[in-house]
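Quick notes on the structure that follows.
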Amino acid sequence: MYQDTPTFAILSFAIAAYLIYLWYGDLSHFKKTGTPAKGAFEGATTVSARSAVFAAACALALLAIFIAAESYLGIDKQQSKVSAWALLSWISAAVIEELIFRGYLVVRGKGAFVLWASVLFFSMLFALAHPFVWNYSVPEGDSLLNGVWIFDFSIQPIFSTFAIFACSLLFYVLRFMPSNVNRSLIPCMSAHCAYNLGVFAAKYLQGFIE
């Protein structure tokens, strides 16, 4: 998988580090003034440490449910193997994906129904963007245009896609929950990072890290 190659992992981590540097600058402005800077990143606002910890705990609880469900369904041995480089990519995703999806890909200001309808839509998009039920394979040495779409609708990729969909719903809820009055992305990033670290740890313990 491309996410566990050194080139992709290092590049994505560098992009995430730069984005979080810019985002933190906007967060610092909000801390000082109580208002967002002009043109500030979405969600660069404050939230209580308790909310961030609560978010991480919710993500790990959801992961525990998924791990138990995989074992019950007998698909826990069907996971893909990844290299240790995937850890950098998955940490980066907790920043980049949250800035894009929970930050910008949501319709606000048009009422609760439109808000949560957009949450469902973009969560489905988020889940389908992860290549579980589909894959685009390019033969070695061939042109990118000559690739082949491969689809797999067996239980394991469908379950993995559903898990990503459920995670996205959780991350959106964490941004718009009543206690997150400033609509900060910190709980979303905290939860996403905790979930991805938990997945990596689970894969390591199960022997799926090469």
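Residue numbers start at 1 in each chain; chains themselves are named A, B, ... in the order of the structure tokens; ligands are numbered from 1 in the order shown.
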
For range 21-57 of chain A against range 166-188 of chain A, with a cut-off of 10 Å and counting only C-alpha atoms, what is the closest atom pair and its distance in Å to one decimal for every residue that makes the cut, ordered by chain and number, as a tab-separated table?
residue	atom	partner	partner_atom	distance
A:Leu27	CA	A:Ser184	CA	9.4
A:Gly34	CA	A:Asn182	CA	9.8
A:Thr35	CA	A:Asn182	CA	9.8
A:Phe41	CA	A:Leu185	CA	9.9
A:Glu42	CA	A:Leu185	CA	7.7
A:Gly43	CA	A:Ser184	CA	4.2
A:Ala44	CA	A:Ser184	CA	6.0
A:Thr45	CA	A:Ser184	CA	4.9
A:Thr46	CA	A:Ser184	CA	6.0
A:Val47	CA	A:Ser184	CA	6.2
A:Ser48	CA	A:Asn180	CA	8.1
A:Ala49	CA	A:Pro187	CA	8.9
A:Arg50	CA	A:Pro187	CA	9.5
A:Ser51	CA	A:Pro187	CA	6.4
A:Ala52	CA	A:Pro187	CA	4.5
A:Val53	CA	A:Pro187	CA	7.7
A:Phe54	CA	A:Pro187	CA	8.0
A:Ala55	CA	A:Pro187	CA	5.4
A:Ala56	CA	A:Pro187	CA	7.4

For Asn135 in chain A, the closest of A:Trp116, A:Tyr2, A:Trp85, A:Phe122 counting only C-alpha atoms is A:Tyr2

Backbone DSSP call of strand (DSSP E) for range 2-203 of chain A, listed as a list in words:
Trp134, Asn135, Tyr136, Ser137, Val148, Trp149, Ile150 and Phe151 of chain A

I need the chosen residues saved as a short mmCIF file (atom, residue, chain, number, x, y, z; two decimals), in the first residue's frame, with N, CA and C atoms.
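The result, stored in again.cif:
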data_model
loop_
_atom_site.label_atom_id
_atom_site.label_comp_id
_atom_site.auth_asym_id
_atom_site.auth_seq_id
_atom_site.Cartn_x
_atom_site.Cartn_y
_atom_site.Cartn_z
N TRP A 134 -12.43 -0.95 -3.20
CA TRP A 134 -11.92 -0.72 -4.54
C TRP A 134 -10.42 -0.56 -4.51
N ASN A 135 -9.82 -0.75 -5.66
CA ASN A 135 -8.39 -0.52 -5.81
C ASN A 135 -8.11 -0.24 -7.28
N TYR A 136 -7.17 0.63 -7.54
CA TYR A 136 -6.76 0.93 -8.92
C TYR A 136 -5.35 0.43 -9.09
N SER A 137 -5.22 -0.65 -9.83
CA SER A 137 -3.92 -1.31 -9.97
C SER A 137 -3.29 -0.99 -11.32
N VAL A 148 -6.15 -0.84 -13.86
CA VAL A 148 -7.38 -1.63 -13.82
C VAL A 148 -8.07 -1.41 -12.48
N TRP A 149 -9.38 -1.12 -12.54
CA TRP A 149 -10.17 -0.99 -11.33
C TRP A 149 -10.53 -2.39 -10.82
N ILE A 150 -10.29 -2.62 -9.54
CA ILE A 150 -10.62 -3.90 -8.91
C ILE A 150 -11.54 -3.63 -7.73
N PHE A 151 -12.67 -4.33 -7.71
CA PHE A 151 -13.65 -4.13 -6.65
C PHE A 151 -13.80 -5.41 -5.83
#

Pick the closest to Ala40 in chain A from A:Leu22, A:Ile100, A:Leu120, A:Val199: which is it, counting only C-alpha atoms?
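When distances to Ala40 in chain A are compared using only C-alpha atoms, the smallest one comes from A:Leu22.
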
Based on DSSP run over this structure's backbone, return all residues of range 26-204 of chain A in helix (DSSP H, G or I), as a PyMOL selection string.
chain A and resi 26-33+49-73+76-78+86-104+112-128+144-146+155-176+186-204

Counting only C-alpha atoms, figure out which residue out of A:Leu11, A:Met189, A:Ile75, A:Ala201 gets nearest to Ile158 in chain A.
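For Ile158 in chain A, the nearest of the given residues is A:Ile75.
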
Which is closest to Ser83 in chain A among A:Gly111, A:Gly25, A:Pro36, A:Gly207, if we use only C-alpha atoms?
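Answer, going by the shortest atom-to-atom distance: A:Gly207.
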
So that I can check the surroundings of Thr5 in chain A, please list as a PDB file with C-alpha atoms, in the first residue's frame every protein, DNA and RNA residue that reaches within 10 Å of it, counting only C-alpha atoms and ignoring chain neighbours fewer than 5 positions away.
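Resulting contents of part_20.pdb:
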ATOM      1  CA  ILE A  10       7.850  11.361   4.871  1.00  0.00           C
ATOM      2  CA  VAL A  82       1.794  -2.638   6.391  1.00  0.00           C
ATOM      3  CA  SER A  83       5.297  -1.423   7.108  1.00  0.00           C
ATOM      4  CA  ALA A  84       6.253   0.682  10.103  1.00  0.00           C
ATOM      5  CA  TRP A  85       6.311   3.710   7.786  1.00  0.00           C
ATOM      6  CA  ALA A  86       2.517   3.654   7.852  1.00  0.00           C
ATOM      7  CA  LEU A  88       3.919   8.497   9.935  1.00  0.00           C
ATOM      8  CA  SER A  89       1.225   8.492   7.247  1.00  0.00           C
TER       9      SER A  89
END

Using only C-alpha atoms, can you tell me which of A:Lys77, A:Phe132, A:Phe153, A:Trp90 comes closest to Ala16 in chain A?
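The answer is A:Trp90, which sits nearest to Ala16 in chain A.
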
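One finds CA of Pro131 in chain A at 14.3 Å from CA of Lys81 in chain A.
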
From A:Ile209, A:Tyr204, A:Leu197, A:Leu105, residue lying nearest Ile91 in chain A [only C-alpha atoms]:
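The shortest atom-to-atom distance to Ile91 in chain A comes from A:Leu197.
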